[in-house]
$ cat input_21.txt   # compact mmCIF, C-alpha atoms
# COMPACT_ATOMS: atom_id res chain seq x y z
CA MET O 41 227.12 16.68 -80.40
CA ALA O 42 226.36 19.10 -77.57
CA GLU O 43 222.76 17.93 -77.59
CA LYS O 44 223.93 14.30 -77.36
CA ALA O 45 226.11 15.12 -74.36
CA LYS O 46 223.26 16.96 -72.73
CA ARG O 47 221.07 13.89 -73.17
CA ALA O 48 223.69 11.46 -71.85
CA GLY O 49 222.91 9.77 -68.57
CA LEU O 50 224.10 10.99 -65.20
CA GLU O 51 227.75 10.08 -64.86
CA PRO O 52 228.22 7.31 -62.26
CA MET O 53 230.59 7.99 -59.38
CA PRO O 54 233.96 6.25 -59.83
CA LEU O 55 234.07 3.91 -56.83
CA ASP O 56 237.84 4.30 -56.52
CA LEU O 57 237.16 7.79 -55.22
CA LEU O 58 235.82 6.20 -52.02
CA ASN O 59 239.48 5.85 -51.05
CA GLU O 60 239.63 9.63 -50.88
CA PRO O 61 236.47 10.54 -49.01
CA LEU O 62 236.80 14.32 -49.27
CA VAL O 63 237.31 14.06 -53.02
CA TRP O 64 234.31 11.73 -53.16
CA LEU O 65 232.13 14.30 -51.39
CA PHE O 66 233.41 17.06 -53.67
CA ALA O 67 232.66 14.94 -56.74
CA GLU O 68 229.18 14.23 -55.41
CA HIS O 69 228.58 17.97 -55.09
CA TYR O 70 229.52 18.31 -58.75
CA ARG O 71 226.98 15.61 -59.54
CA HIS O 72 224.32 17.39 -57.50
CA ARG O 73 224.91 20.48 -59.63
CA ASP O 74 224.53 18.29 -62.72
CA ILE O 75 221.21 17.01 -61.39
CA CYS O 76 220.05 20.59 -60.91
CA ALA O 77 221.01 21.42 -64.50
CA ARG O 78 219.08 18.35 -65.70
CA LEU O 79 216.06 19.28 -63.61
CA THR O 80 216.09 22.81 -65.00
CA ARG O 81 216.18 21.43 -68.54
CA LEU O 82 213.45 18.89 -67.81
CA SER O 83 211.23 21.62 -66.35
CA THR O 84 211.01 23.24 -69.81
CA GLU O 85 210.11 20.07 -71.70
CA VAL O 86 206.57 19.19 -72.75
CA VAL O 87 207.36 15.63 -73.85
CA CYS O 88 207.87 12.92 -71.25
CA ASP O 89 211.55 11.89 -71.16
CA GLU O 90 211.00 8.73 -69.15
CA PRO O 91 214.65 7.56 -68.80
CA ALA O 92 215.71 11.03 -67.61
CA LEU O 93 212.84 11.21 -65.10
CA ARG O 94 213.63 7.74 -63.75
CA GLU O 95 217.29 8.64 -63.42
CA VAL O 96 216.38 11.66 -61.31
CA ILE O 97 214.06 9.53 -59.16
CA ASP O 98 216.91 7.06 -58.57
CA PHE O 99 219.12 9.93 -57.51
CA PHE O 100 216.56 11.05 -54.95
CA GLU O 101 215.93 7.54 -53.68
CA ILE O 102 219.53 6.35 -53.43
CA ASP O 103 222.30 8.88 -53.94
CA LEU O 104 221.01 11.91 -52.08
CA PRO O 105 219.96 10.05 -48.87
CA LEU O 106 223.37 8.33 -48.76
CA HIS O 107 225.16 11.62 -49.26
CA ILE O 108 223.22 13.19 -46.40
CA ILE O 109 224.14 10.27 -44.11
CA ASP O 110 227.79 10.55 -45.23
CA GLU O 111 227.80 14.08 -43.94
CA GLU O 112 225.33 14.09 -41.05
CA ASP O 113 226.35 10.83 -39.41
CA ASP O 114 230.02 10.77 -40.35
CA LEU O 115 231.80 13.89 -41.57
CA PHE O 116 230.05 16.45 -39.36
CA PRO O 117 230.38 14.53 -36.05
CA LEU O 118 234.05 13.91 -36.89
CA LEU O 119 234.61 17.61 -37.55
CA ARG O 120 232.94 18.47 -34.24
CA ARG O 121 235.55 16.32 -32.53
CA ARG O 122 238.53 17.57 -34.53
CA CYS O 123 237.96 21.28 -35.07
CA GLU O 124 239.57 24.05 -33.09
CA PRO O 125 237.63 26.95 -31.55
CA GLU O 126 238.85 29.34 -34.27
CA ASP O 127 237.18 27.19 -36.93
CA GLN O 128 233.78 28.22 -35.51
CA ILE O 129 232.49 25.03 -37.02
CA GLU O 130 229.33 24.55 -34.97
CA ARG O 131 227.53 27.50 -36.52
CA VAL O 132 228.31 26.32 -40.05
CA LEU O 133 227.41 22.70 -39.36
CA GLY O 134 224.18 23.81 -37.68
CA MET O 135 223.20 25.72 -40.83
CA LEU O 136 224.11 22.81 -43.08
CA SER O 137 222.13 20.31 -41.01
CA LEU O 138 219.12 22.57 -41.26
CA ASP O 139 219.73 22.71 -45.03
CA HIS O 140 219.81 18.90 -45.18
CA SER O 141 216.49 18.75 -43.46
CA ARG O 142 215.08 21.30 -45.98
CA ASP O 143 216.77 19.41 -48.84
CA GLN O 144 214.91 16.27 -47.91
CA THR O 145 211.57 18.08 -47.92
CA ALA O 146 212.36 19.81 -51.22
CA ALA O 147 213.66 16.54 -52.71
CA ALA O 148 210.46 14.72 -51.76
CA LYS O 149 208.48 17.37 -53.68
CA VAL O 150 210.72 17.00 -56.75
CA LYS O 151 210.41 13.22 -56.63
CA ASP O 152 206.65 13.51 -56.37
CA LEU O 153 206.74 15.80 -59.40
CA MET O 154 208.71 13.23 -61.41
CA GLU O 155 206.28 10.48 -60.45
CA ARG O 156 203.31 12.58 -61.49
CA ALA O 157 204.96 13.31 -64.85
CA LEU O 158 205.60 9.60 -65.39
CA GLU O 159 202.06 8.69 -64.43
CA LYS O 160 200.61 11.25 -66.85
CA GLN O 161 203.34 10.53 -69.44
CA THR O 162 203.94 14.22 -69.85
CA GLY O 163 206.84 16.66 -69.71
CA LEU O 164 207.38 18.67 -66.57
CA ALA O 165 206.48 21.91 -68.36
CA CYS O 166 202.90 20.65 -68.44
CA LEU O 167 202.74 20.54 -64.63
CA ALA O 168 201.85 23.93 -63.19
CA ASP O 169 203.99 23.71 -60.03
CA ALA O 170 207.09 22.20 -61.69
CA GLY O 171 208.99 25.46 -62.19
CA THR O 172 208.60 26.61 -58.59
CA ILE O 173 209.42 23.23 -57.04
CA ILE O 174 212.53 22.74 -59.16
CA ALA O 175 213.74 26.32 -58.73
CA ASN O 176 213.36 26.00 -54.96
CA PHE O 177 215.29 22.73 -54.83
CA CYS O 178 218.06 24.03 -57.09
CA ALA O 179 218.44 27.26 -55.12
CA LEU O 180 218.78 25.28 -51.87
CA GLN O 181 221.35 22.98 -53.44
CA LYS O 182 223.36 25.82 -54.92
CA ASN O 183 223.78 27.65 -51.60
CA HIS O 184 224.36 24.46 -49.67
CA ILE O 185 227.05 23.14 -52.01
CA ALA O 186 228.79 26.51 -52.14
CA LEU O 187 229.05 26.60 -48.33
CA GLU O 188 230.28 23.01 -48.10
CA ASN O 189 232.87 23.40 -50.84
CA ALA O 190 234.12 26.76 -49.64
CA VAL O 191 234.11 26.20 -45.87
CA VAL O 192 233.55 22.63 -44.72
CA LEU O 193 235.76 20.67 -47.10
CA PRO O 194 238.79 23.00 -46.69
CA ILE O 195 238.47 22.75 -42.88
CA ALA O 196 238.14 18.97 -43.17
CA ARG O 197 241.30 18.84 -45.28
CA LEU O 198 243.10 20.80 -42.60
CA ARG O 199 241.81 19.03 -39.49
CA LEU O 200 241.27 15.39 -40.42
CA SER O 201 244.20 13.03 -40.09
CA ASP O 202 245.07 10.20 -42.49
CA SER O 203 243.59 7.82 -39.95
CA ASP O 204 240.34 9.85 -39.87
CA LEU O 205 240.14 9.81 -43.64
CA GLY O 206 240.84 6.08 -43.71
CA ALA O 207 238.02 5.40 -41.25
CA LEU O 208 235.71 7.72 -43.18
CA SER O 209 236.58 5.93 -46.40
CA LYS O 210 235.71 2.56 -44.87
CA ARG O 211 232.32 3.76 -43.69
CA LEU O 212 231.47 5.50 -46.97
CA SER O 213 232.34 2.24 -48.73
CA ALA O 214 230.37 0.06 -46.31
CA ARG O 215 227.35 2.29 -46.77
CA ARG O 216 227.56 1.45 -50.47
CA GLY O 217 227.95 -2.27 -49.86
CA ARG O 218 231.74 -2.39 -50.16
CA PHE O 219 233.82 -3.89 -47.38
CA VAL O 220 237.33 -2.45 -47.19
CA THR O 221 239.70 -4.46 -45.01
CA THR O 222 242.98 -2.65 -45.51
CA GLY O 223 244.41 -0.35 -42.81
CA SER O 224 243.18 0.02 -39.27
CA GLU O 225 240.05 1.73 -38.06
CA GLU O 226 240.68 4.81 -35.94
CA MET S 99 200.55 -13.75 -34.83
CA ILE S 100 202.56 -14.62 -31.71
CA ASP S 101 202.92 -18.17 -33.02
CA ARG S 102 205.08 -16.78 -35.80
CA LEU S 103 207.80 -16.09 -33.24
CA LEU S 104 207.73 -19.69 -32.00
CA ASP S 105 207.88 -20.92 -35.58
CA ASN S 106 210.79 -18.59 -36.27
CA ASN S 107 212.55 -20.04 -33.24
CA LEU S 108 212.11 -23.60 -34.54
CA SER S 109 213.55 -22.54 -37.86
CA TRP S 110 216.47 -20.68 -36.24
CA ALA S 111 217.40 -23.58 -33.93
CA ALA S 112 217.12 -26.11 -36.74
CA THR S 113 219.32 -24.01 -39.02
CA ARG S 114 221.94 -23.63 -36.32
CA VAL S 115 222.07 -27.37 -35.69
CA ARG S 116 222.22 -28.09 -39.40
CA ILE S 117 225.27 -25.83 -39.73
CA ASP S 118 226.92 -26.91 -36.48
CA PRO S 119 225.45 -30.02 -34.77
CA GLY S 120 227.29 -29.40 -31.47
CA TYR S 121 226.46 -25.70 -31.24
CA PHE S 122 223.83 -25.71 -28.46
CA GLN S 123 225.60 -28.41 -26.48
CA ARG S 124 228.75 -26.32 -26.37
CA LEU S 125 226.83 -23.13 -25.62
CA SER S 126 224.96 -24.71 -22.71
CA LEU S 127 228.18 -25.74 -20.98
CA GLN S 128 229.69 -22.31 -20.46
CA GLN S 129 229.39 -18.57 -20.81
CA SER S 130 232.65 -16.69 -21.11
CA PRO S 131 232.03 -13.43 -22.91
CA GLU S 132 234.85 -10.92 -23.19
CA TYR S 133 232.51 -8.00 -23.65
CA LEU S 134 229.79 -6.28 -21.67
CA TRP S 135 227.49 -4.31 -23.95
CA ILE S 136 225.47 -1.46 -22.48
CA GLY S 137 223.06 -0.41 -25.18
CA CYS S 138 219.67 1.10 -25.81
CA SER S 139 216.46 -0.92 -25.66
CA ASP S 140 215.56 0.32 -29.14
CA SER S 141 214.45 -2.69 -31.15
CA ARG S 142 216.50 -1.56 -34.15
CA VAL S 143 219.85 -1.96 -32.38
CA PRO S 144 220.41 -5.73 -32.04
CA ALA S 145 223.67 -5.89 -30.08
CA ASN S 146 225.04 -9.30 -31.11
CA GLU S 147 224.11 -8.88 -34.72
CA ILE S 148 225.71 -5.50 -35.41
CA VAL S 149 229.09 -6.61 -34.07
CA GLY S 150 228.87 -10.02 -35.69
CA LEU S 151 229.07 -12.01 -32.44
CA ASP S 152 227.31 -15.24 -31.61
CA PRO S 153 225.26 -15.93 -28.49
CA GLY S 154 227.65 -16.46 -25.59
CA GLU S 155 230.14 -13.87 -26.80
CA LEU S 156 228.50 -10.69 -25.56
CA PHE S 157 227.00 -10.04 -22.12
CA VAL S 158 224.23 -7.54 -22.73
CA HIS S 159 222.50 -4.91 -20.65
CA ARG S 160 219.97 -2.72 -22.38
CA ASN S 161 217.80 0.10 -21.15
CA ILE S 162 216.24 3.20 -22.60
CA ALA S 163 219.00 5.62 -23.67
CA ASN S 164 221.84 3.20 -22.74
CA LEU S 165 222.37 4.60 -19.25
CA ALA S 166 224.79 3.34 -16.60
CA PRO S 167 222.99 4.73 -13.55
CA PRO S 168 225.11 4.40 -10.40
CA ARG S 169 222.06 3.71 -8.22
CA ASP S 170 220.20 1.24 -10.45
CA ILE S 171 220.37 -2.18 -8.78
CA ASN S 172 219.68 -4.01 -12.04
CA PHE S 173 222.51 -2.28 -13.86
CA LEU S 174 224.90 -2.59 -10.89
CA SER S 175 224.21 -6.31 -10.64
CA VAL S 176 225.02 -6.76 -14.32
CA LEU S 177 228.17 -4.67 -13.98
CA GLN S 178 229.44 -6.44 -10.86
CA TYR S 179 228.70 -9.92 -12.24
CA SER S 180 230.35 -9.19 -15.56
CA ILE S 181 233.50 -7.74 -13.98
CA ASP S 182 233.94 -9.97 -10.94
CA ILE S 183 232.58 -13.31 -12.17
CA LEU S 184 232.71 -13.26 -15.97
CA LYS S 185 235.83 -11.10 -15.97
CA VAL S 186 234.97 -9.28 -19.16
CA ARG S 187 237.87 -7.36 -20.74
CA HIS S 188 235.84 -4.66 -22.44
CA ILE S 189 232.75 -2.67 -21.56
CA ILE S 190 231.11 -1.01 -24.54
CA VAL S 191 228.61 1.78 -24.05
CA CYS S 192 226.81 2.06 -27.35
CA GLY S 193 224.34 4.83 -28.05
CA HIS S 194 222.60 5.47 -31.31
CA TYR S 195 221.81 8.56 -33.33
CA GLY S 196 218.20 9.64 -33.20
CA CYS S 197 217.66 7.93 -29.81
CA GLY S 198 214.04 8.40 -28.77
CA GLY S 199 215.00 8.57 -25.09
CA VAL S 200 217.50 11.37 -25.67
CA ARG S 201 215.03 13.13 -27.94
CA ALA S 202 212.37 12.94 -25.22
CA ALA S 203 214.80 14.31 -22.64
CA LEU S 204 215.47 17.31 -24.86
CA THR S 205 211.83 18.32 -25.07
CA GLU S 206 209.37 19.66 -22.53
CA GLN S 207 206.85 16.96 -23.39
CA ARG S 208 205.89 14.64 -20.50
CA TYR S 209 205.74 10.86 -21.01
CA GLY S 210 205.30 9.63 -17.42
CA LEU S 211 207.66 7.43 -15.42
CA ILE S 212 210.21 7.47 -18.23
CA ASP S 213 210.76 11.20 -17.58
CA HIS S 214 212.33 10.24 -14.24
CA TRP S 215 214.54 7.61 -15.86
CA LEU S 216 215.70 10.16 -18.43
CA GLN S 217 216.36 12.88 -15.87
CA PRO S 218 220.17 12.41 -16.09
CA VAL S 219 220.01 13.01 -19.85
CA ALA S 220 217.84 16.09 -19.34
CA ASP S 221 220.36 17.33 -16.74
CA LEU S 222 223.20 16.79 -19.18
CA ALA S 223 221.34 18.73 -21.87
CA HIS S 224 220.69 21.50 -19.36
CA GLU S 225 224.37 21.60 -18.44
CA HIS S 226 225.32 22.18 -22.09
CA GLU S 227 222.21 24.15 -22.97
CA SER S 228 223.92 27.17 -24.51
CA HIS S 229 225.99 25.03 -26.86
CA LEU S 230 223.17 22.68 -27.76
CA GLN S 231 220.73 25.51 -28.43
CA ALA S 232 223.24 26.97 -30.88
CA ILE S 233 222.65 23.91 -33.07
CA SER S 234 219.70 25.10 -35.09
CA ASP S 235 218.60 21.72 -36.45
CA PHE S 236 216.81 19.75 -33.73
CA ASP S 237 217.73 16.31 -35.11
CA THR S 238 221.39 17.28 -35.10
CA ARG S 239 221.04 18.60 -31.55
CA VAL S 240 219.62 15.22 -30.53
CA ASN S 241 222.52 13.41 -32.23
CA VAL S 242 225.13 15.56 -30.50
CA ALA S 243 223.35 14.93 -27.19
CA CYS S 244 223.39 11.17 -27.97
CA GLU S 245 227.18 11.31 -28.28
CA HIS S 246 227.48 13.33 -25.07
CA ASN S 247 225.25 10.87 -23.27
CA VAL S 248 227.59 8.02 -24.25
CA ARG S 249 230.57 9.98 -22.97
CA THR S 250 228.79 10.69 -19.68
CA GLN S 251 228.12 6.98 -19.18
CA VAL S 252 231.75 6.11 -19.96
CA GLU S 253 232.95 8.68 -17.42
CA SER S 254 230.45 7.45 -14.86
CA LEU S 255 231.55 3.83 -15.39
CA GLY S 256 235.17 4.87 -15.00
CA LYS S 257 234.35 6.24 -11.57
CA ASN S 258 232.23 3.25 -10.52
CA PRO S 259 233.60 1.39 -7.45
CA PHE S 260 233.35 -2.02 -9.18
CA VAL S 261 235.47 -0.73 -12.07
CA LYS S 262 237.92 1.07 -9.80
CA ASP S 263 238.32 -2.05 -7.66
CA ALA S 264 239.02 -4.13 -10.76
CA TRP S 265 241.71 -1.70 -11.87
CA ARG S 266 243.18 -1.64 -8.36
CA ARG S 267 243.45 -5.44 -8.50
CA GLY S 268 245.28 -5.15 -11.82
CA GLN S 269 242.41 -6.64 -13.79
CA LYS S 270 242.50 -5.69 -17.49
CA LEU S 271 239.37 -3.74 -18.24
CA SER S 272 238.67 -1.08 -20.89
CA ILE S 273 235.56 1.03 -21.31
CA HIS S 274 234.64 2.23 -24.77
CA GLY S 275 232.10 4.69 -26.12
CA TRP S 276 230.55 3.97 -29.50
CA ILE S 277 227.59 5.26 -31.42
CA TYR S 278 225.47 3.46 -33.97
CA SER S 279 223.46 4.86 -36.82
CA ILE S 280 220.25 3.06 -37.61
CA ARG S 281 220.33 4.75 -41.02
CA ASP S 282 223.38 2.80 -42.22
CA GLY S 283 223.99 0.03 -39.66
CA LEU S 284 227.48 1.32 -38.89
CA LEU S 285 229.23 1.90 -35.58
CA ARG S 286 231.45 4.89 -34.83
CA ASN S 287 234.19 4.89 -32.24
CA LEU S 288 233.82 8.10 -30.23
CA GLU S 289 237.46 7.82 -29.13
CA ILE S 290 236.72 8.09 -25.44
CA SER S 291 238.07 4.72 -24.35
CA VAL S 292 239.52 4.53 -20.84
CA ASP S 293 241.49 1.72 -19.23
CA ARG S 294 242.78 3.28 -15.99
CA PRO S 295 241.77 6.01 -13.52
CA LYS S 296 244.14 8.57 -15.08
CA ALA S 297 242.47 8.10 -18.45
CA VAL S 298 239.11 8.79 -16.81
CA ASP S 299 240.49 12.01 -15.29
CA ALA S 300 241.84 13.03 -18.69
CA LEU S 301 238.51 12.31 -20.35
CA SER S 302 236.68 14.36 -17.72
CA LYS S 303 238.87 17.35 -18.56
CA ARG S 304 238.40 17.07 -22.31
CA PRO S 305 236.22 19.81 -23.87
CA TRP S 306 232.70 18.84 -24.90
CA PHE S 307 232.48 21.26 -27.82
CA PRO S 308 235.20 22.66 -30.13
CA ASP S 309 234.80 26.11 -28.56
CA ASP S 310 234.59 24.98 -24.91
$ encode --input "input_21.txt" --output "structure tokens"
Amino acid sequence: MAEKAKRAGLEPMPLDLLNEPLVWLFAEHYRHRDICARLTRLSTEVVCDEPALREVIDFFEIDLPLHIIDEEDDLFPLLRRRCEPEDQIERVLGMLSLDHSRDQTAAAKVKDLMERALEKQTGLACLADAGTIIANFCALQKNHIALENAVVLPIARLRLSDSDLGALSKRLSARRGRFVTTGSEE
Amino acid sequence: MIDRLLDNNLSWAATRVRIDPGYFQRLSLQQSPEYLWIGCSDSRVPANEIVGLDPGELFVHRNIANLAPPRDINFLSVLQYSIDILKVRHIIVCGHYGCGGVRAALTEQRYGLIDHWLQPVADLAHEHESHLQAISDFDTRVNVACEHNVRTQVESLGKNPFVKDAWRRGQKLSIHGWIYSIRDGLLRNLEISVDRPKAVDALSKRPWFPDD
């Protein structure tokens, strides 16, 4: 049973959560941790698990870039406008933006790894650099998510108004091809 | 290769007429846009398209880094014509994240004549140097500077004699600052709209950074 659950596909994000953008971002962080767990498992396998590898590739091609835009082009600029001096937000956001830039580089290496495994029809354990690449990506993610969950999201909950969250929700939805007409923008 | 553009034009015009036979006849008779758009020349920011407006609905001025330079005769002509003759109700300054002009102004690299055009952006970056340098990621620093550049243009427009004269006459005119992300095609309202001199004064006093 446990093995079956472990092998189940990555849980899709419930789109209703887009109405609560901070919950959406939190749930995405949970999913990112799940991806890291899957990657760690895949890195020990010698047999090619094609569906699992393709699922991870999809995550790197679609979900992660969107998540980075959600934060870099939406949440962070909004926090810069809303935060108070005592929040000392700039330093934290600066670190996180640098992390995003590193994430993208690390993610590109993981994606390349998956593609090589698919091409050779082999498990990741058969690729010499798999362990290092995956460990590096997962370590980056772990620290990044911890900082966002512990610092950024609580500040966002405190500083963003209902109107801010409504506008954020609309843009998160639009980025995923959903047009929300209810309520007024900013 | 260039012929492709002429072919595209034939296709575009034919499609328009097929949908609405009187479209070009109506368009040729008048221009009465309610909006003046001041945007960047970047080819990835098509003004009409991103706000869903048809030709004739948006009066457009574009230059590198969406500047509103108070001594540029081209820009001033557009501004004066749009306010005094077209009587636009809204002026939108729209920057975009990752703007190459702003990026260039933030580096020491020389590009030629464009360096002179971008001098106001470089000056702005210099003015806020300590805050901007605290942003460790360069792309983020550029994006913050893009937002600040929009605000500077909105403030500058609010102090422009053509705008002030319009307000003095009681003409309805609002200036808005927006930013666009090429990565998702979405606009963000920077919440720096002004519609009277007092609002411009208030905007000028607003902090630029949370810890200002």
$ closest_residue --input "input_21.txt" --among "S:Ala163, S:Gln178, S:Tyr278, S:Ile233" --to "Asp213 in chain S" --atoms "all atoms listed in the file"
S:Ala163
$ closest_residue --input "input_21.txt" --among "S:Asn258, S:Ser109, S:Asn241, S:Ser234" --to "chain O" --atoms "all atoms listed in the file"
S:Ser234
$ atom_distance --input "input_21.txt" --atom1 "CA of Leu177 in chain S" --atom2 "CA of Tyr209 in chain S"
28.2 Å
$ closest_residue --input "input_21.txt" --among "O:Leu158, O:Ile109, O:Ala67, O:Leu57" --to "chain S" --atoms "all atoms listed in the file"
O:Ile109
$ residues_around --input "input_21.txt" --residues "Cys166 in chain O" --least-positions-apart "6" --cutoff "10 Å" --atoms "all atoms listed in the file" --output "PyMOL selection string"
chain O and resi 83-88+157+160
